Amino acid sequence: EQAGKGEYDHFMLKEINEQPTSLAQAIEGRIDPANGRIALSDFEPGTFEGIDSVQFVACGTSYHAALYGSLTLNQAGVRSSALLANEYSVSAPPVDDETLVIAVTQSGETADTLNALRQANAEGAQTLTVTNVVGSTAAREADDALFIRAGPEIGVAATKTFSSQAVMLTLLGQRIASDQRGEPRADTESLLAELASMPGAIADVLDDSDAAAIARRYADSQAYFFIGRGLGFPVALEGALKFKEITYEHAEGFASGELKHGPLALVTPETPVFAIFTGEEDEKTLKNAEEAQTRGAPVIAVCPDDHPAVEAADDHLEIADTDQDLAGLLANVQLQLVSYYAADLLDRPIDKPRNLAKSVTVE
Ligand code: AGP
């Protein structure tokens with residue numbers, strides 16, 4: 001097992017560090033920034049022309065990636081929703097043959113997600129899975145499959161697969177929107193150029209992160225909160241899931257604007273708030289963060305160096321200034337590192353947290 005970890009103490013840290021490579025693998029041959037069109041050569045031109053709406057079904061980290069994908073689709077003008085696969089049997093919105101149901105699952109074997117996929121198949125929706133595992137049940141049972149090519153992920157906590165899922169869903173969303181419209185969106189060229197530079201931007205985060213110091217500084221806190229708006233919201237949820245999963249500490253993610261609708265009652269000087277800035281109404285997120293600060297909570301801003309939040313916050317985790325569709329991915333890498341170092345300080349069994357399995361094959 002130690003051999004598989006290479007120079008790292010844990011598979012999780014190895015897999016976090018693999019992200020520049022796994023992301024490059026995910027996009028390889030699938031985008032062509034030079035001509036500004038989305039290749040996504042996995043699908044024939046016009047494949048998604050007749051799609052009226054998209055439903056994503058997924059669990060856990062994959063659900064957060066699905067929410068990310070769904071928000072990018074909505075922003076691109078395509079009706080879409082992200083649904084917890086384990087809720088789908090009791091609350092699925094209606095589907096027909098113009099509905100595309102996308103099952104997002106790293107393993108392709110999660111029972112809840114397979115159940116939702118089977119329900120969608122039975123009800124006559126078109127289905128697609130976005131998965132890491134070629135030959136998985138989801139890949140066999142969905143009408144079509146898009147592989148994220150992240151390579152094997154051993155740590156129970158999903159890390160590199162989240163980044164690859166989110167990127168592939170962003171790309172797929174652009175493709176669905178352009179098939180519907182008959183031409184790519186005006187901003188496609190710049191998005192693709194930024195996407196091509198993502199592996200390098202993630203490498204920069206990994207080379208120069210203050211996450212270990214931040215984890216140490218806030219090690220004795222009572223609870224950890226994560227807030228974000230727009231695409232920062234699924235990243236806040238994912239930051240909190242990762243943190244609670246491997247540290248066993250109380251962590252919650254909220255949409256920034258929700259803080260004042262209840263969670264603010266939990267905020268004290270003992271509850272650091274990680275605020276994620278993706279360039280979507282950041283001034284509002286900053287205001288929400290300052291409301292927490294007024295209650296004594298330290299705020300850690302995850303944002304570019306020249307962002308106004310740096311001045312206002314108590315601490316800063318830096319990300320490159322990039323397209324708002326992609327900023328959350330860089331923020332997520334910083335938060336993965338914070339969780340990892342916080343769990344390491346507590347000496348937790350990081351790769352195999354108690355009570356959890358890598359793939360949940362029971363309902
Ligand atoms: C996240 O760190 C967990 N491993 C878990 O939430 C996981 O994402 C979920 O069980 C779904 O798994 P899947 O992607 O293999 O379907």
# chains A, B, ... in the order shown; residues from 1 in each chain; ligands from 1
call {"tool": "residues_around", "arguments": {"residues": "range 126-135 of chain A", "least_positions_apart": "5", "cutoff": "7 Å", "atoms": "only C-alpha atoms", "output": "VMD selection string"}}
result
chain A and resid 97 99 to 108 121 140 142 to 150
call {"tool": "write_last_selection", "arguments": {"atoms": "N, CA and C atoms", "output": "PDB file, in the first residue's frame"}}
result
ATOM      1  N   ASP A  97     -39.308  12.078 -23.427  1.00  0.00           N
ATOM      2  CA  ASP A  97     -38.149  11.716 -24.260  1.00  0.00           C
ATOM      3  C   ASP A  97     -37.296  12.915 -24.664  1.00  0.00           C
ATOM      4  N   THR A  99     -36.222  14.835 -22.141  1.00  0.00           N
ATOM      5  CA  THR A  99     -35.477  15.085 -20.897  1.00  0.00           C
ATOM      6  C   THR A  99     -34.206  14.252 -20.931  1.00  0.00           C
ATOM      7  N   LEU A 100     -33.092  14.898 -20.590  1.00  0.00           N
ATOM      8  CA  LEU A 100     -31.829  14.158 -20.459  1.00  0.00           C
ATOM      9  C   LEU A 100     -31.540  14.003 -18.970  1.00  0.00           C
ATOM     10  N   VAL A 101     -31.476  12.771 -18.491  1.00  0.00           N
ATOM     11  CA  VAL A 101     -31.132  12.521 -17.090  1.00  0.00           C
ATOM     12  C   VAL A 101     -29.669  12.084 -17.046  1.00  0.00           C
ATOM     13  N   ILE A 102     -28.870  12.851 -16.304  1.00  0.00           N
ATOM     14  CA  ILE A 102     -27.427  12.582 -16.244  1.00  0.00           C
ATOM     15  C   ILE A 102     -27.061  12.044 -14.858  1.00  0.00           C
ATOM     16  N   ALA A 103     -26.635  10.801 -14.803  1.00  0.00           N
ATOM     17  CA  ALA A 103     -26.201  10.201 -13.535  1.00  0.00           C
ATOM     18  C   ALA A 103     -24.715  10.478 -13.362  1.00  0.00           C
ATOM     19  N   VAL A 104     -24.377  11.225 -12.311  1.00  0.00           N
ATOM     20  CA  VAL A 104     -22.977  11.569 -12.062  1.00  0.00           C
ATOM     21  C   VAL A 104     -22.475  10.667 -10.938  1.00  0.00           C
ATOM     22  N   THR A 105     -21.529   9.819 -11.237  1.00  0.00           N
ATOM     23  CA  THR A 105     -21.049   8.868 -10.233  1.00  0.00           C
ATOM     24  C   THR A 105     -19.618   8.458 -10.538  1.00  0.00           C
ATOM     25  N   GLN A 106     -18.740   8.705  -9.592  1.00  0.00           N
ATOM     26  CA  GLN A 106     -17.334   8.338  -9.770  1.00  0.00           C
ATOM     27  C   GLN A 106     -17.234   6.854 -10.048  1.00  0.00           C
ATOM     28  N   SER A 107     -17.796   6.059  -9.152  1.00  0.00           N
ATOM     29  CA  SER A 107     -17.646   4.595  -9.234  1.00  0.00           C
ATOM     30  C   SER A 107     -18.524   3.966 -10.297  1.00  0.00           C
ATOM     31  N   GLY A 108     -19.662   4.591 -10.552  1.00  0.00           N
ATOM     32  CA  GLY A 108     -20.641   3.970 -11.445  1.00  0.00           C
ATOM     33  C   GLY A 108     -21.389   2.834 -10.783  1.00  0.00           C
ATOM     34  N   ASN A 121     -34.657   5.622 -17.001  1.00  0.00           N
ATOM     35  CA  ASN A 121     -34.720   4.749 -18.186  1.00  0.00           C
ATOM     36  C   ASN A 121     -36.144   4.214 -18.364  1.00  0.00           C
ATOM     37  N   ARG A 140     -22.877   0.855 -18.305  1.00  0.00           N
ATOM     38  CA  ARG A 140     -23.577  -0.154 -19.111  1.00  0.00           C
ATOM     39  C   ARG A 140     -25.064   0.157 -19.249  1.00  0.00           C
ATOM     40  N   ALA A 142     -26.771   3.228 -18.767  1.00  0.00           N
ATOM     41  CA  ALA A 142     -27.203   4.510 -19.345  1.00  0.00           C
ATOM     42  C   ALA A 142     -27.137   4.420 -20.869  1.00  0.00           C
ATOM     43  N   ASP A 143     -27.925   5.246 -21.561  1.00  0.00           N
ATOM     44  CA  ASP A 143     -27.880   5.238 -23.034  1.00  0.00           C
ATOM     45  C   ASP A 143     -26.480   5.579 -23.532  1.00  0.00           C
ATOM     46  N   ASP A 144     -25.794   6.466 -22.790  1.00  0.00           N
ATOM     47  CA  ASP A 144     -24.482   6.918 -23.226  1.00  0.00           C
ATOM     48  C   ASP A 144     -23.605   7.186 -21.995  1.00  0.00           C
ATOM     49  N   ALA A 145     -22.302   7.244 -22.198  1.00  0.00           N
ATOM     50  CA  ALA A 145     -21.396   7.495 -21.066  1.00  0.00           C
ATOM     51  C   ALA A 145     -20.314   8.484 -21.463  1.00  0.00           C
ATOM     52  N   LEU A 146     -19.991   9.366 -20.523  1.00  0.00           N
ATOM     53  CA  LEU A 146     -18.883  10.302 -20.712  1.00  0.00           C
ATOM     54  C   LEU A 146     -17.890  10.016 -19.585  1.00  0.00           C
ATOM     55  N   PHE A 147     -16.675   9.642 -19.950  1.00  0.00           N
ATOM     56  CA  PHE A 147     -15.700   9.216 -18.934  1.00  0.00           C
ATOM     57  C   PHE A 147     -14.804  10.386 -18.528  1.00  0.00           C
ATOM     58  N   ILE A 148     -14.601  10.501 -17.206  1.00  0.00           N
ATOM     59  CA  ILE A 148     -13.839  11.657 -16.710  1.00  0.00           C
ATOM     60  C   ILE A 148     -12.326  11.397 -16.698  1.00  0.00           C
ATOM     61  N   ARG A 149     -11.913  10.148 -16.875  1.00  0.00           N
ATOM     62  CA  ARG A 149     -10.498   9.766 -17.026  1.00  0.00           C
ATOM     63  C   ARG A 149      -9.603  10.288 -15.896  1.00  0.00           C
ATOM     64  N   ALA A 150     -10.102  10.201 -14.649  1.00  0.00           N
ATOM     65  CA  ALA A 150      -9.297  10.713 -13.531  1.00  0.00           C
ATOM     66  C   ALA A 150      -8.274   9.700 -13.044  1.00  0.00           C
TER      67      ALA A 150
END
call {"tool": "residues_around", "arguments": {"residues": "Gly182 in chain A", "least_positions_apart": "6", "cutoff": "12 Å", "atoms": "only C-alpha atoms", "output": "list in words"}}
result
Arg37, Pro45, Gly46, Thr47, Phe48, Glu49, Gly50, Gln174, Arg175 and Ile176 of chain A
call {"tool": "residues_near_ligand", "arguments": {"ligand": "ligand 1", "cutoff": "10 Å", "atoms": "only C-alpha atoms and all ligand atoms", "output": "VMD selection string"}}
result
chain A and resid 57 to 65 85 103 to 114 130 to 133 138 153 to 159 161 to 162 165 238 241 to 246 352 to 353 356 to 361
call {"tool": "atom_distance", "arguments": {"atom1": "CA of Ala177 in chain A", "atom2": "CA of Leu326 in chain A"}}
result
17.4 Å
call {"tool": "closest_residue", "arguments": {"among": "A:Val54, A:Ala223, A:Ala343, A:Ala312", "to": "Pro269 in chain A", "atoms": "only C-alpha atoms"}}
result
A:Ala223
call {"tool": "select_by_dssp", "arguments": {"residues": "range 218-304 of chain A", "states": "helix (DSSP H, G or I)", "output": "number ranges by chain"}}
result
A: 232-247, 256-261, 263-266, 282-294
call {"tool": "write_last_selection", "arguments": {"atoms": "N, CA and C atoms", "output": "tab-separated table (two decimals), in the first residue's frame"}}
result
chain	number	residue	atom	x	y	z
A	232	GLY	N	-19.97	29.07	-6.30
A	232	GLY	CA	-19.30	28.95	-5.00
A	232	GLY	C	-20.14	28.17	-4.00
A	233	PHE	N	-21.45	28.04	-4.26
A	233	PHE	CA	-22.32	27.33	-3.31
A	233	PHE	C	-22.01	25.83	-3.30
A	234	PRO	N	-22.03	25.12	-4.47
A	234	PRO	CA	-21.64	23.70	-4.40
A	234	PRO	C	-20.24	23.50	-3.85
A	235	VAL	N	-19.35	24.47	-4.08
A	235	VAL	CA	-17.99	24.33	-3.54
A	235	VAL	C	-18.01	24.48	-2.01
A	236	ALA	N	-18.89	25.34	-1.50
A	236	ALA	CA	-19.03	25.46	-0.05
A	236	ALA	C	-19.56	24.15	0.54
A	237	LEU	N	-20.55	23.56	-0.13
A	237	LEU	CA	-21.09	22.28	0.35
A	237	LEU	C	-20.00	21.20	0.33
A	238	GLU	N	-19.24	21.19	-0.74
A	238	GLU	CA	-18.19	20.18	-0.89
A	238	GLU	C	-17.06	20.41	0.14
A	239	GLY	N	-16.72	21.68	0.36
A	239	GLY	CA	-15.68	22.00	1.36
A	239	GLY	C	-16.09	21.47	2.73
A	240	ALA	N	-17.36	21.64	3.08
A	240	ALA	CA	-17.84	21.19	4.38
A	240	ALA	C	-17.93	19.67	4.46
A	241	LEU	N	-18.38	19.04	3.37
A	241	LEU	CA	-18.47	17.57	3.38
A	241	LEU	C	-17.09	16.96	3.57
A	242	LYS	N	-16.12	17.47	2.82
A	242	LYS	CA	-14.76	16.94	2.92
A	242	LYS	C	-14.25	17.12	4.34
A	243	PHE	N	-14.50	18.30	4.90
A	243	PHE	CA	-13.96	18.61	6.23
A	243	PHE	C	-14.55	17.68	7.29
A	244	LYS	N	-15.89	17.50	7.25
A	244	LYS	CA	-16.50	16.66	8.30
A	244	LYS	C	-16.14	15.18	8.11
A	245	GLU	N	-16.04	14.78	6.84
A	245	GLU	CA	-15.78	13.39	6.51
A	245	GLU	C	-14.43	12.90	7.07
A	246	ILE	N	-13.41	13.74	6.97
A	246	ILE	CA	-12.09	13.23	7.37
A	246	ILE	C	-11.59	13.79	8.70
A	247	THR	N	-12.19	14.90	9.20
A	247	THR	CA	-11.73	15.41	10.51
A	247	THR	C	-12.66	14.98	11.64
A	256	SER	N	-24.19	31.77	0.61
A	256	SER	CA	-23.82	32.96	1.40
A	256	SER	C	-25.04	33.70	1.91
A	257	GLY	N	-26.02	33.88	1.03
A	257	GLY	CA	-27.19	34.68	1.39
A	257	GLY	C	-28.09	34.01	2.41
A	258	GLU	N	-27.89	32.71	2.65
A	258	GLU	CA	-28.71	31.98	3.62
A	258	GLU	C	-28.25	32.19	5.05
A	259	LEU	N	-27.02	32.62	5.21
A	259	LEU	CA	-26.44	32.73	6.55
A	259	LEU	C	-27.37	33.49	7.50
A	260	LYS	N	-27.92	34.59	6.99
A	260	LYS	CA	-28.75	35.45	7.84
A	260	LYS	C	-30.14	34.86	8.09
A	261	HIS	N	-30.47	33.77	7.41
A	261	HIS	CA	-31.80	33.18	7.58
A	261	HIS	C	-31.79	32.05	8.62
A	263	PRO	N	-28.52	30.17	10.08
A	263	PRO	CA	-27.22	29.68	10.53
A	263	PRO	C	-26.40	30.72	11.31
A	264	LEU	N	-26.68	32.00	11.08
A	264	LEU	CA	-25.92	33.05	11.79
A	264	LEU	C	-25.99	32.86	13.31
A	265	ALA	N	-27.05	32.20	13.79
A	265	ALA	CA	-27.18	31.94	15.22
A	265	ALA	C	-26.05	31.04	15.74
A	266	LEU	N	-25.44	30.28	14.85
A	266	LEU	CA	-24.35	29.37	15.24
A	266	LEU	C	-22.99	30.06	15.27
A	282	ASP	N	-19.86	39.03	-5.83
A	282	ASP	CA	-18.94	38.90	-4.71
A	282	ASP	C	-19.19	39.93	-3.62
A	283	GLU	N	-19.68	41.12	-4.02
A	283	GLU	CA	-19.88	42.15	-3.01
A	283	GLU	C	-20.93	41.69	-1.99
A	284	LYS	N	-21.89	40.89	-2.45
A	284	LYS	CA	-22.90	40.38	-1.51
A	284	LYS	C	-22.30	39.32	-0.58
A	285	THR	N	-21.47	38.46	-1.15
A	285	THR	CA	-20.81	37.44	-0.31
A	285	THR	C	-19.91	38.10	0.72
A	286	LEU	N	-19.25	39.17	0.29
A	286	LEU	CA	-18.37	39.88	1.23
A	286	LEU	C	-19.19	40.46	2.38
A	287	LYS	N	-20.36	40.99	2.05
A	287	LYS	CA	-21.24	41.55	3.09
A	287	LYS	C	-21.66	40.43	4.06
A	288	ASN	N	-22.01	39.27	3.51
A	288	ASN	CA	-22.40	38.14	4.35
A	288	ASN	C	-21.24	37.71	5.26
A	289	ALA	N	-20.04	37.70	4.69
A	289	ALA	CA	-18.87	37.32	5.48
A	289	ALA	C	-18.64	38.34	6.61
A	290	GLU	N	-18.85	39.60	6.28
A	290	GLU	CA	-18.64	40.64	7.30
A	290	GLU	C	-19.68	40.55	8.42
A	291	GLU	N	-20.88	40.06	8.06
A	291	GLU	CA	-21.90	39.85	9.10
A	291	GLU	C	-21.42	38.79	10.10
A	292	ALA	N	-20.73	37.78	9.58
A	292	ALA	CA	-20.17	36.75	10.47
A	292	ALA	C	-19.03	37.34	11.30
A	293	GLN	N	-18.24	38.16	10.64
A	293	GLN	CA	-17.09	38.78	11.33
A	293	GLN	C	-17.57	39.66	12.50
A	294	THR	N	-18.68	40.37	12.26
A	294	THR	CA	-19.24	41.22	13.31
A	294	THR	C	-19.59	40.41	14.55
call {"tool": "closest_residue", "arguments": {"among": "A:Leu231, A:Ile16, A:Ala125, A:Ala120", "to": "Lys160 in chain A", "atoms": "only C-alpha atoms"}}
result
A:Ile16
call {"tool": "closest_residue", "arguments": {"among": "A:Gly77, A:Gly253, A:Pro184, A:Gly124", "to": "Pro94 in chain A", "atoms": "only C-alpha atoms"}}
result
A:Gly124
call {"tool": "select_by_dssp", "arguments": {"residues": "range 188-284 of chain A", "states": "strand (DSSP E)", "output": "NGL selection string"}}
result
:A and (223-228 or 250-255 or 273-276)
call {"tool": "residues_around", "arguments": {"residues": "Leu13 in chain A", "least_positions_apart": "4", "cutoff": "10 Å", "atoms": "only C-alpha atoms", "output": "PyMOL selection string"}}
result
chain A and resi 5+7-9+17-18+155+159+336-337+340-341+350-351
call {"tool": "residues_around", "arguments": {"residues": "Gln222 in chain A", "least_positions_apart": "3", "cutoff": "12 Å", "atoms": "only C-alpha atoms", "output": "MDAnalysis selection string"}}
result
chainID A and resid 218:219 225 248:252 266:273 297
call {"tool": "write_last_selection", "arguments": {"atoms": "C-alpha atoms", "output": "tab-separated table (two decimals), in the first residue's frame"}}
result
chain	number	residue	atom	x	y	z
A	218	TYR	CA	-7.95	27.24	13.45
A	219	ALA	CA	-7.32	23.75	14.80
A	225	PHE	CA	-18.52	27.02	8.08
A	248	TYR	CA	-14.97	14.33	12.28
A	249	GLU	CA	-15.42	17.98	13.23
A	250	HIS	CA	-18.66	19.88	12.75
A	251	ALA	CA	-18.66	21.58	9.36
A	252	GLU	CA	-21.51	23.04	7.31
A	266	LEU	CA	-24.35	29.37	15.24
A	267	VAL	CA	-21.63	31.89	14.43
A	268	THR	CA	-19.22	32.79	17.26
A	269	PRO	CA	-15.51	33.61	17.60
A	270	GLU	CA	-14.99	29.82	17.69
A	271	THR	CA	-16.44	29.19	14.23
A	272	PRO	CA	-14.18	30.18	11.34
A	273	VAL	CA	-16.01	30.98	8.11
A	297	ALA	CA	-15.99	34.79	13.58
call {"tool": "closest_residue", "arguments": {"among": "A:Asp314, A:Glu44, A:Asp323, A:Glu15", "to": "Glu194 in chain A", "atoms": "only C-alpha atoms"}}
result
A:Asp323
